[in-house]
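To be precise, the following lines are run_12.cif, and they hold mmCIF, C-alpha atoms.
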```cif
data_input
loop_
_atom_site.label_atom_id
_atom_site.label_comp_id
_atom_site.auth_asym_id
_atom_site.auth_seq_id
_atom_site.Cartn_x
_atom_site.Cartn_y
_atom_site.Cartn_z
CA MET A 1 -45.12 20.83 -68.47
CA THR A 2 -47.30 23.18 -66.48
CA ASP A 3 -46.43 21.36 -63.22
CA GLU A 4 -42.71 21.45 -64.03
CA ARG A 5 -42.86 25.16 -64.86
CA THR A 6 -44.79 25.86 -61.62
CA LYS A 7 -42.23 23.92 -59.60
CA ALA A 8 -39.37 25.77 -61.29
CA GLU A 9 -41.00 29.12 -60.51
CA THR A 10 -41.54 28.03 -56.90
CA LEU A 11 -37.89 27.00 -56.59
CA THR A 12 -36.74 30.35 -57.97
CA TRP A 13 -39.01 32.16 -55.53
CA LEU A 14 -37.83 30.03 -52.57
CA ARG A 15 -34.18 30.75 -53.37
CA ARG A 16 -34.95 34.46 -53.56
CA ILE A 17 -36.68 34.58 -50.16
CA SER A 18 -34.36 32.13 -48.34
CA GLY A 19 -32.44 34.97 -46.74
CA ASP A 20 -35.63 36.62 -45.53
CA LEU A 21 -36.85 33.27 -44.18
CA ALA A 22 -33.67 32.84 -42.16
CA THR A 23 -33.92 36.36 -40.75
CA ALA A 24 -37.59 35.91 -39.83
CA THR A 25 -36.79 32.55 -38.23
CA ILE A 26 -34.06 34.05 -36.03
CA LYS A 27 -36.43 36.85 -34.99
CA ARG A 28 -39.13 34.29 -34.09
CA LEU A 29 -36.62 32.26 -32.10
CA GLU A 30 -35.67 35.32 -30.05
CA ASP A 31 -39.31 36.16 -29.39
CA THR A 32 -40.65 32.69 -28.54
CA LEU A 33 -37.75 30.62 -27.10
CA PRO A 34 -36.23 31.98 -23.86
CA TRP A 35 -33.32 29.53 -23.96
CA TYR A 36 -32.22 30.94 -27.32
CA ALA A 37 -32.19 34.53 -26.11
CA GLU A 38 -30.09 33.52 -23.08
CA MET A 39 -27.40 31.78 -25.15
CA PRO A 40 -23.98 33.39 -25.72
CA PRO A 41 -23.65 35.20 -29.07
CA ALA A 42 -21.43 32.48 -30.55
CA ARG A 43 -24.00 29.79 -29.73
CA ARG A 44 -26.85 31.88 -31.15
CA SER A 45 -24.84 32.30 -34.31
CA SER A 46 -24.40 28.53 -34.52
CA VAL A 47 -28.14 27.98 -34.09
CA GLY A 48 -28.74 30.53 -36.84
CA LEU A 49 -26.42 28.56 -39.12
CA VAL A 50 -28.48 25.44 -38.42
CA ALA A 51 -31.71 27.28 -39.29
CA GLN A 52 -30.20 28.70 -42.48
CA ALA A 53 -28.86 25.26 -43.43
CA GLY A 54 -32.30 23.75 -42.82
CA ILE A 55 -33.97 26.23 -45.18
CA THR A 56 -31.31 25.74 -47.86
CA SER A 57 -31.51 21.98 -47.49
CA PHE A 58 -35.31 22.11 -47.84
CA ILE A 59 -35.01 23.97 -51.15
CA GLN A 60 -32.57 21.32 -52.40
CA TRP A 61 -34.83 18.55 -51.15
CA TYR A 62 -37.87 20.16 -52.81
CA GLU A 63 -35.99 20.11 -56.08
CA ASP A 64 -34.83 16.49 -55.56
CA PRO A 65 -36.71 14.51 -52.84
CA THR A 66 -34.27 11.58 -53.25
CA SER A 67 -31.65 13.60 -51.34
CA THR A 68 -33.29 12.69 -48.00
CA PRO A 69 -30.31 10.65 -46.67
CA ARG A 70 -28.14 13.79 -46.76
CA ILE A 71 -30.46 15.82 -44.53
CA ALA A 72 -28.62 15.26 -41.26
CA ALA A 73 -25.22 15.96 -42.79
CA ASP A 74 -26.50 19.05 -44.63
CA ILE A 75 -28.12 20.64 -41.58
CA PHE A 76 -26.07 19.63 -38.56
CA ALA A 77 -22.66 19.86 -40.25
CA ALA A 78 -23.14 23.63 -40.33
CA ALA A 79 -22.80 23.89 -36.55
CA PRO A 80 -19.76 23.10 -34.37
CA ARG A 81 -19.75 19.86 -32.38
CA GLU A 82 -20.03 21.81 -29.11
CA LEU A 83 -23.55 22.86 -30.09
CA LEU A 84 -24.74 19.27 -29.75
CA ARG A 85 -23.69 19.30 -26.10
CA SER A 86 -25.24 22.69 -25.32
CA VAL A 87 -28.58 22.29 -27.16
CA SER A 88 -30.83 19.42 -26.13
CA LEU A 89 -32.93 17.27 -28.43
CA THR A 90 -36.08 19.04 -27.15
CA GLN A 91 -34.62 22.42 -28.01
CA THR A 92 -33.58 21.16 -31.45
CA LEU A 93 -37.13 20.02 -32.16
CA GLN A 94 -38.41 23.43 -31.01
CA LEU A 95 -35.99 25.00 -33.49
CA VAL A 96 -37.38 22.78 -36.27
CA LYS A 97 -40.95 23.65 -35.27
CA VAL A 98 -40.33 27.42 -35.36
CA THR A 99 -38.54 27.19 -38.70
CA VAL A 100 -41.41 25.19 -40.21
CA GLU A 101 -44.00 27.64 -38.86
CA VAL A 102 -42.21 30.63 -40.34
CA THR A 103 -41.75 28.89 -43.69
CA GLU A 104 -45.40 27.79 -43.78
CA GLU A 105 -46.54 31.34 -43.17
CA ARG A 106 -44.37 32.70 -45.99
CA VAL A 107 -45.38 30.05 -48.56
CA ALA A 108 -49.11 30.28 -47.79
CA GLY A 109 -50.99 30.60 -51.06
CA ARG A 110 -48.23 29.02 -53.19
CA GLY A 111 -50.08 25.72 -53.39
CA ASP A 112 -50.79 22.67 -51.30
CA ASP A 113 -47.85 20.78 -52.81
CA VAL A 114 -45.34 23.20 -51.23
CA ARG A 115 -47.03 23.04 -47.84
CA GLU A 116 -47.13 19.23 -47.99
CA ALA A 117 -43.46 19.19 -48.97
CA ILE A 118 -42.62 21.31 -45.91
CA LEU A 119 -44.49 18.90 -43.61
CA LEU A 120 -42.77 15.86 -45.09
CA TYR A 121 -39.37 17.51 -44.92
CA SER A 122 -39.84 18.65 -41.32
CA ARG A 123 -40.75 15.09 -40.35
CA ASP A 124 -37.54 13.81 -41.94
CA VAL A 125 -35.52 16.52 -40.21
CA ALA A 126 -37.02 15.59 -36.83
CA PHE A 127 -36.11 11.94 -37.33
CA ALA A 128 -32.64 12.96 -38.52
CA ALA A 129 -32.16 15.09 -35.41
CA ALA A 130 -33.26 12.23 -33.18
CA ASP A 131 -30.78 9.95 -34.96
CA VAL A 132 -27.94 12.44 -34.45
CA TYR A 133 -28.65 12.72 -30.73
CA ALA A 134 -29.13 8.97 -30.37
CA ARG A 135 -25.74 8.32 -31.95
CA ALA A 136 -24.14 10.92 -29.72
CA ALA A 137 -25.77 9.39 -26.64
CA GLU A 138 -24.61 5.92 -27.66
CA ALA A 139 -21.06 7.14 -28.20
CA ARG A 140 -21.14 8.96 -24.85
CA GLY A 141 -22.49 5.83 -23.16
CA LEU A 142 -19.67 3.69 -24.54
CA TRP A 143 -17.13 6.32 -23.54
CA ASP A 144 -18.60 6.58 -20.03
CA ALA A 145 -18.47 2.79 -19.67
CA ARG A 146 -14.80 2.72 -20.65
CA LEU A 147 -13.99 5.65 -18.38
CA GLU A 148 -15.87 4.05 -15.47
CA ALA A 149 -13.97 0.79 -15.99
CA LEU A 150 -10.69 2.75 -15.99
CA VAL A 151 -11.61 4.57 -12.76
CA VAL A 152 -12.64 1.36 -10.98
CA ASP A 153 -9.45 -0.37 -12.14
CA SER A 154 -7.38 2.54 -10.82
CA ILE A 155 -9.12 2.25 -7.46
CA LEU A 156 -8.57 -1.51 -7.28
CA THR A 157 -4.89 -1.32 -8.17
CA GLY A 158 -4.25 1.77 -6.07
CA GLU A 159 -2.57 3.45 -9.05
CA THR A 160 -4.32 6.78 -8.58
CA ASP A 161 -2.99 10.03 -10.00
CA ASP A 162 -3.90 13.69 -10.21
CA GLU A 163 -6.33 12.97 -13.06
CA LEU A 164 -8.54 10.64 -11.02
CA PRO A 165 -10.76 13.42 -9.55
CA SER A 166 -11.39 14.90 -13.02
CA ARG A 167 -12.24 11.47 -14.44
CA ILE A 168 -14.65 10.87 -11.58
CA ALA A 169 -16.25 14.28 -12.18
CA ALA A 170 -16.63 13.47 -15.89
CA LEU A 171 -18.69 10.43 -14.94
CA GLY A 172 -21.18 12.62 -13.06
CA TRP A 173 -20.32 11.10 -9.69
CA HIS A 174 -22.72 12.43 -7.05
CA GLY A 175 -20.99 10.83 -4.10
CA HIS A 176 -19.64 12.84 -1.21
CA GLY A 177 -17.96 11.85 2.02
CA ALA A 178 -17.69 8.21 3.08
CA VAL A 179 -17.05 5.45 0.54
CA ALA A 180 -16.86 1.64 0.69
CA VAL A 181 -16.08 -1.05 -1.89
CA LEU A 182 -18.23 -4.14 -2.36
CA VAL A 183 -16.83 -7.19 -4.20
CA GLY A 184 -18.79 -10.22 -5.36
CA THR A 185 -19.48 -12.37 -8.41
CA THR A 186 -21.06 -11.23 -11.65
CA PRO A 187 -24.55 -12.73 -12.20
CA PRO A 188 -25.19 -14.66 -15.43
CA GLN A 189 -27.55 -11.92 -16.63
CA PHE A 190 -26.24 -8.70 -15.15
CA ASP A 191 -28.67 -5.74 -15.11
CA VAL A 192 -26.53 -2.73 -14.29
CA ASP A 193 -29.45 -0.30 -14.63
CA GLN A 194 -31.47 -2.12 -11.99
CA LEU A 195 -28.46 -2.07 -9.67
CA ARG A 196 -28.06 1.68 -10.14
CA ARG A 197 -31.77 2.26 -9.51
CA ALA A 198 -31.58 0.27 -6.28
CA ALA A 199 -28.60 2.39 -5.21
CA ARG A 200 -30.36 5.66 -6.01
CA LYS A 201 -33.36 4.64 -3.90
CA MET A 202 -31.02 4.40 -0.91
CA GLY A 203 -29.43 7.79 -1.61
CA VAL A 204 -26.07 6.43 -2.78
CA ASP A 205 -24.15 6.53 -6.04
CA VAL A 206 -22.10 3.65 -7.43
CA LEU A 207 -19.23 3.06 -9.80
CA VAL A 208 -19.56 -0.36 -11.41
CA GLY A 209 -16.67 -2.52 -12.59
CA VAL A 210 -17.14 -5.91 -14.24
CA GLN A 211 -13.91 -7.91 -14.35
CA GLY A 212 -14.85 -11.27 -15.77
CA MET A 213 -16.61 -13.23 -13.03
CA ARG A 214 -15.88 -10.52 -10.45
CA LEU A 215 -18.26 -7.61 -9.90
CA VAL A 216 -16.98 -4.54 -8.03
CA LEU A 217 -19.09 -1.66 -6.70
CA VAL A 218 -17.62 1.55 -5.33
CA ILE A 219 -20.39 2.94 -3.13
CA GLY A 220 -20.60 6.55 -1.98
CA ARG A 221 -23.24 8.57 -0.23
CA ALA A 222 -24.83 10.95 -2.70
CA GLU A 223 -27.03 14.01 -3.02
CA LEU A 224 -29.03 13.00 -6.08
CA SER A 225 -30.96 15.66 -7.97
CA GLY A 226 -34.68 15.22 -8.43
CA ARG A 227 -35.26 13.58 -5.05
CA THR A 228 -37.99 15.23 -3.01
CA GLU A 229 -38.46 12.73 -0.19
CA PRO A 230 -35.90 12.65 2.64
CA THR A 231 -33.48 9.74 2.58
CA VAL A 232 -32.37 7.94 5.74
CA GLU A 233 -28.58 7.56 5.79
CA LEU A 234 -28.09 3.80 5.95
CA PRO A 235 -24.90 2.12 7.17
CA PHE A 236 -22.84 0.56 4.41
CA SER A 237 -23.52 -2.93 5.76
CA GLU A 238 -27.26 -2.38 5.22
CA ILE A 239 -26.64 -0.89 1.78
CA ALA A 240 -24.60 -3.97 0.85
CA ARG A 241 -27.37 -6.24 2.12
CA ARG A 242 -29.95 -4.50 -0.06
CA LEU A 243 -27.68 -4.61 -3.12
CA GLU A 244 -26.92 -8.30 -2.56
CA PRO A 245 -29.60 -9.60 -5.01
CA GLY A 246 -27.79 -7.83 -7.86
CA PHE A 247 -24.74 -10.09 -7.46
CA GLY A 248 -24.21 -13.64 -8.61
CA PRO A 249 -23.89 -16.69 -6.33
CA GLY A 250 -20.89 -16.91 -4.05
CA HIS A 251 -19.26 -14.72 -1.47
CA LEU A 252 -19.88 -10.99 -1.13
CA VAL A 253 -17.32 -8.92 0.77
CA LEU A 254 -17.63 -5.32 1.95
CA GLY A 255 -14.44 -3.34 2.47
CA PRO A 256 -14.00 -0.94 5.39
CA THR A 257 -15.39 2.58 5.16
CA VAL A 258 -13.01 5.37 4.08
CA THR A 259 -13.56 9.10 4.21
CA ALA A 260 -13.38 9.97 0.49
CA LEU A 261 -13.39 8.42 -2.96
CA VAL A 262 -9.71 9.15 -3.53
CA GLU A 263 -9.00 6.82 -0.58
CA ALA A 264 -11.25 4.04 -1.89
CA SER A 265 -8.24 1.90 -2.84
CA GLN A 266 -7.77 1.10 0.87
CA SER A 267 -11.29 -0.30 1.07
CA ALA A 268 -10.80 -2.07 -2.26
CA ARG A 269 -7.62 -3.85 -1.15
CA ALA A 270 -9.30 -5.17 1.97
CA ALA A 271 -12.43 -6.26 0.05
CA LEU A 272 -10.39 -8.06 -2.62
CA ALA A 273 -8.23 -9.79 -0.02
CA GLY A 274 -11.35 -10.87 1.87
CA PHE A 275 -13.03 -12.09 -1.31
CA ALA A 276 -10.00 -14.25 -2.12
CA VAL A 277 -10.17 -16.12 1.22
CA ALA A 278 -13.89 -15.97 2.08
CA GLY A 279 -14.26 -19.65 1.20
CA ALA A 280 -12.10 -20.54 4.21
CA TRP A 281 -14.92 -19.48 6.56
CA ARG A 282 -17.52 -22.18 6.15
CA HIS A 283 -20.42 -20.17 7.51
CA ALA A 284 -19.45 -16.72 6.30
CA PRO A 285 -22.51 -14.46 6.03
CA ARG A 286 -23.46 -12.75 2.77
CA PRO A 287 -22.41 -10.00 2.70
CA VAL A 288 -19.47 -10.22 5.10
CA ASP A 289 -17.21 -7.42 6.26
CA ALA A 290 -13.61 -7.70 5.12
CA ASP A 291 -12.50 -7.05 8.72
CA ASP A 292 -14.41 -10.15 9.84
CA LEU A 293 -12.05 -12.15 7.62
CA LEU A 294 -8.87 -10.83 9.22
CA PRO A 295 -7.60 -14.29 10.40
CA GLU A 296 -8.02 -15.84 6.95
CA ARG A 297 -6.45 -12.81 5.27
CA ALA A 298 -3.51 -12.87 7.68
CA LEU A 299 -2.93 -16.59 7.08
CA ALA A 300 -2.96 -15.90 3.35
CA GLY A 301 -0.17 -13.37 3.86
CA ASP A 302 -2.12 -10.11 3.69
CA PRO A 303 0.17 -7.56 5.41
CA VAL A 304 -2.71 -5.13 5.96
CA ALA A 305 -4.68 -7.79 7.86
CA LYS A 306 -1.65 -8.65 10.01
CA ALA A 307 -1.02 -5.02 10.86
CA THR A 308 -4.72 -4.45 11.58
CA LEU A 309 -4.91 -7.37 14.02
CA VAL A 310 -1.80 -6.22 15.88
CA ASP A 311 -2.79 -2.55 15.95
CA ARG A 312 -6.42 -3.09 16.94
CA ILE A 313 -6.07 -5.97 19.38
CA TYR A 314 -2.59 -6.86 20.63
CA ARG A 315 -1.12 -3.42 21.16
CA PRO A 316 -4.17 -1.85 22.89
CA LEU A 317 -4.41 -4.84 25.25
CA HIS A 318 -0.69 -4.86 25.98
CA ALA A 319 -0.70 -1.11 26.57
CA HIS A 320 -3.73 -1.35 28.88
CA SER A 321 -2.65 -4.26 31.06
CA THR A 322 -0.38 -7.27 30.73
CA ASP A 323 -2.84 -9.16 32.97
CA LEU A 324 -5.47 -8.89 30.22
CA VAL A 325 -3.06 -10.34 27.66
CA THR A 326 -2.08 -13.17 30.00
CA THR A 327 -5.68 -13.95 30.88
CA LEU A 328 -6.77 -13.94 27.25
CA TRP A 329 -3.88 -16.24 26.24
CA SER A 330 -4.74 -18.68 29.02
CA TYR A 331 -8.47 -18.59 28.29
CA LEU A 332 -7.97 -19.35 24.61
CA ASP A 333 -5.31 -22.04 25.25
CA ASN A 334 -7.63 -23.78 27.72
CA GLY A 335 -10.47 -24.15 25.25
CA ARG A 336 -12.35 -21.08 26.55
CA SER A 337 -12.88 -22.71 29.94
CA LEU A 338 -13.26 -20.29 32.85
CA GLU A 339 -12.38 -22.92 35.48
CA ALA A 340 -9.24 -24.14 33.73
CA THR A 341 -8.10 -20.58 33.18
CA ALA A 342 -8.72 -19.73 36.84
CA ARG A 343 -6.70 -22.75 37.99
CA GLU A 344 -3.77 -21.85 35.76
CA LEU A 345 -3.72 -18.25 36.91
CA PHE A 346 -4.54 -19.01 40.56
CA VAL A 347 -7.50 -16.64 40.56
CA HIS A 348 -11.25 -16.97 41.00
CA PRO A 349 -13.39 -17.72 37.88
CA ASN A 350 -15.21 -14.44 38.47
CA THR A 351 -11.87 -12.65 38.13
CA VAL A 352 -11.38 -14.34 34.76
CA ARG A 353 -14.87 -13.35 33.74
CA TYR A 354 -14.23 -9.74 34.78
CA ARG A 355 -10.94 -9.57 32.86
CA LEU A 356 -12.58 -10.97 29.73
CA LYS A 357 -15.21 -8.27 29.97
CA ARG A 358 -12.43 -5.72 30.26
CA VAL A 359 -10.87 -7.20 27.11
CA SER A 360 -14.17 -6.70 25.29
CA ASP A 361 -14.41 -3.12 26.58
CA VAL A 362 -10.89 -2.25 25.43
CA ILE A 363 -10.87 -3.75 21.91
CA GLY A 364 -14.54 -4.43 21.11
CA TRP A 365 -14.19 -8.17 20.51
CA ASP A 366 -15.73 -10.80 22.79
CA ALA A 367 -13.48 -13.79 23.44
CA THR A 368 -16.39 -16.00 24.52
CA GLY A 369 -17.63 -16.40 20.93
CA PRO A 370 -15.93 -19.01 18.71
CA ARG A 371 -15.42 -16.74 15.71
CA GLU A 372 -14.12 -13.79 17.70
CA ALA A 373 -11.93 -16.12 19.72
CA LEU A 374 -10.21 -17.11 16.46
CA ILE A 375 -9.68 -13.45 15.59
CA LEU A 376 -8.23 -12.70 19.03
CA GLN A 377 -5.96 -15.74 19.06
CA THR A 378 -4.58 -14.86 15.65
CA ALA A 379 -3.90 -11.32 16.85
CA LEU A 380 -2.08 -12.61 19.94
CA ILE A 381 0.09 -14.91 17.83
CA LEU A 382 0.97 -12.16 15.37
CA GLY A 383 1.61 -9.67 18.15
CA SER A 384 3.84 -12.10 20.03
CA ILE A 385 5.84 -12.90 16.91
CA GLY A 386 6.50 -9.22 16.48
CA THR A 387 7.72 -8.52 20.03
CA ASP A 388 11.33 -8.49 21.14
CA LEU A 389 10.55 -10.99 23.90
CA THR A 390 9.69 -13.79 21.51
CA ARG A 391 12.27 -13.15 18.82
CA ARG A 392 15.14 -15.59 18.59
CA ARG A 393 18.21 -14.21 20.30
CA SER A 394 21.26 -13.49 18.23
CA PRO A 395 24.25 -15.90 18.42
CA ALA A 396 26.25 -13.24 20.29
CA SER A 397 23.65 -12.98 23.04
CA ARG A 398 23.51 -16.78 23.47
CA ARG A 399 27.25 -16.96 24.12
CA VAL A 400 27.03 -14.53 27.06
#
```
Could you rewrite the structure in this file as structure tokens?
Amino acid sequence: MTDERTKAETLTWLRRISGDLATATIKRLEDTLPWYAEMPPARRSSVGLVAQAGITSFIQWYEDPTSTPRIAADIFAAAPRELLRSVSLTQTLQLVKVTVEVTEERVAGRGDDVREAILLYSRDVAFAAADVYARAAEARGLWDARLEALVVDSILTGETDDELPSRIAALGWHGHGAVAVLVGTTPPQFDVDQLRRAARKMGVDVLVGVQGMRLVLVIGRAELSGRTEPTVELPFSEIARRLEPGFGPGHLVLGPTVTALVEASQSARAALAGFAVAGAWRHAPRPVDADDLLPERALAGDPVAKATLVDRIYRPLHAHSTDLVTTLWSYLDNGRSLEATARELFVHPNTVRYRLKRVSDVIGWDATGPREALILQTALILGSIGTDLTRRRSPASRRV
């Protein structure tokens, strides 16, 4: 009976001083925690509500220790949801620590059972706070994953809208400037965190999209916070080579570089088209540039590849000199033989060699290599099909 009467007296006393405890706690927070003093008034008021709720909840818990499961709801329901995003877990634990210190000082001399109760309760509050933040982080992680998948899908389909920049910003995208898209297969055991760490080491940020067996990375150069050592700006081909171990077996295709993330759909279209036909090149490297698969993409009906071949090869050559086009046609038709080409054109083999060098200077492709010869021949065919000289004449013109 004596213990029950003592506990009842302690409860009455705690209820009487609860207001003073809250006031003293707020004063201690202002004096010891700089982040609290710098908060806007509305946020400080919310923190004060949490402290007051913690003291009230402790009194209820002291009366009935079986109410432990309601701690998190009792304390954190007093503050608006925005407070969880503006106050970190570390700051919340500092708030708990200050509140416990103030309460311990005020209840000193009331008995060891009260002090022990405060310690037990503060431990439960700390675990409850950690659980609240863990659940929030898990929910945010799931939301970020869904938002990232939506952004990557928008880039792949080219269905971008005015909301894309805000969605990208919500993901914490650090990329700036040039962007490229890398497409490969998803490994059996995909470790996305390891892939992101590898990207950060190279000073780039990535958006990751897993679409069944296909893995898509949107790669952008980034200014990552927390980096002290200077980062060498690597070409995207080297970045793709270093990220290659994070992909599954099969082909790995890198789209062309674009100037900004909002234009990444251009790189994505080329990378996806190259990935679809990469198997047609028996010795395709890994990774391979989508532009190195232009012949296969053109044969598969990719209009972008056809236009690229004509614009980058046929038209520059035709505009520079018809002799270069004629020489290249003859050289490729004669099995890349200098002598046979020279005989057909009635010129010296050195003249053929000189013109082929001029071809390489104008368009950047060397006709003497087997792979580049295929690219050039495909471009000549497509360019010739598109010219007025090789189109079938209309019936009216044939009757003239």
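Nearest to Ser237 (chain A) of all the residues A:Arg312, A:Arg286, A:Lys97, A:His320 is A:Arg286, counting all atoms listed in the file.
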One-decimal distance in Å that lies between CA of Gly248 (chain A) and CA of Thr185 (chain A): 4.9 Å
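The shortest atom-to-atom distance to Leu156 (chain A), with all atoms listed in the file taken into account, belongs to A:Ser265 out of A:Ser265, A:Thr32, A:Thr257, A:Thr378.
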Point (-16.6, -10.7, -0.3) neighbourhood (7 Å, all atoms listed in the file) written as a ChimeraX atom specification: /A:183-184,251-254,271,274-275,278,287-288,290
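For the residues A:Arg353, A:Arg269, A:Arg44, A:Arg371, ranking by smallest atom-to-atom distance to Ala305 (chain A) using only C-alpha atoms places A:Arg269 first.
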Hits of the PyMOL selection byres ((chain A and resi 47) around 9) in this structure, as a PyMOL selection string: chain A and resi 26+36+42-46+48-52+79+83+87+95
Hits of the PyMOL selection byres ((chain A and resi 354-370) around 9) in this structure, as number ranges by chain: A: 312-314, 316-317, 320, 323-325, 327-328, 331-332, 336, 349-353, 371-377
Picked residues, the PyMOL selection byres ((chain A and resi 188) around 10), expected as an MDAnalysis selection string: chainID A and resid 185:187 189:191 213 247:249
Would you save the residues from that selection as an mmCIF file, in the coordinates of the input, using C-alpha atoms?
```cif
data_model
loop_
_atom_site.group_PDB
_atom_site.id
_atom_site.type_symbol
_atom_site.label_atom_id
_atom_site.label_comp_id
_atom_site.auth_asym_id
_atom_site.auth_seq_id
_atom_site.Cartn_x
_atom_site.Cartn_y
_atom_site.Cartn_z
ATOM 1 C CA THR A 185 -19.480 -12.370 -8.410
ATOM 2 C CA THR A 186 -21.060 -11.230 -11.650
ATOM 3 C CA PRO A 187 -24.550 -12.730 -12.200
ATOM 4 C CA GLN A 189 -27.550 -11.920 -16.630
ATOM 5 C CA PHE A 190 -26.240 -8.700 -15.150
ATOM 6 C CA ASP A 191 -28.670 -5.740 -15.110
ATOM 7 C CA MET A 213 -16.610 -13.230 -13.030
ATOM 8 C CA PHE A 247 -24.740 -10.090 -7.460
ATOM 9 C CA GLY A 248 -24.210 -13.640 -8.610
ATOM 10 C CA PRO A 249 -23.890 -16.690 -6.330
#
```
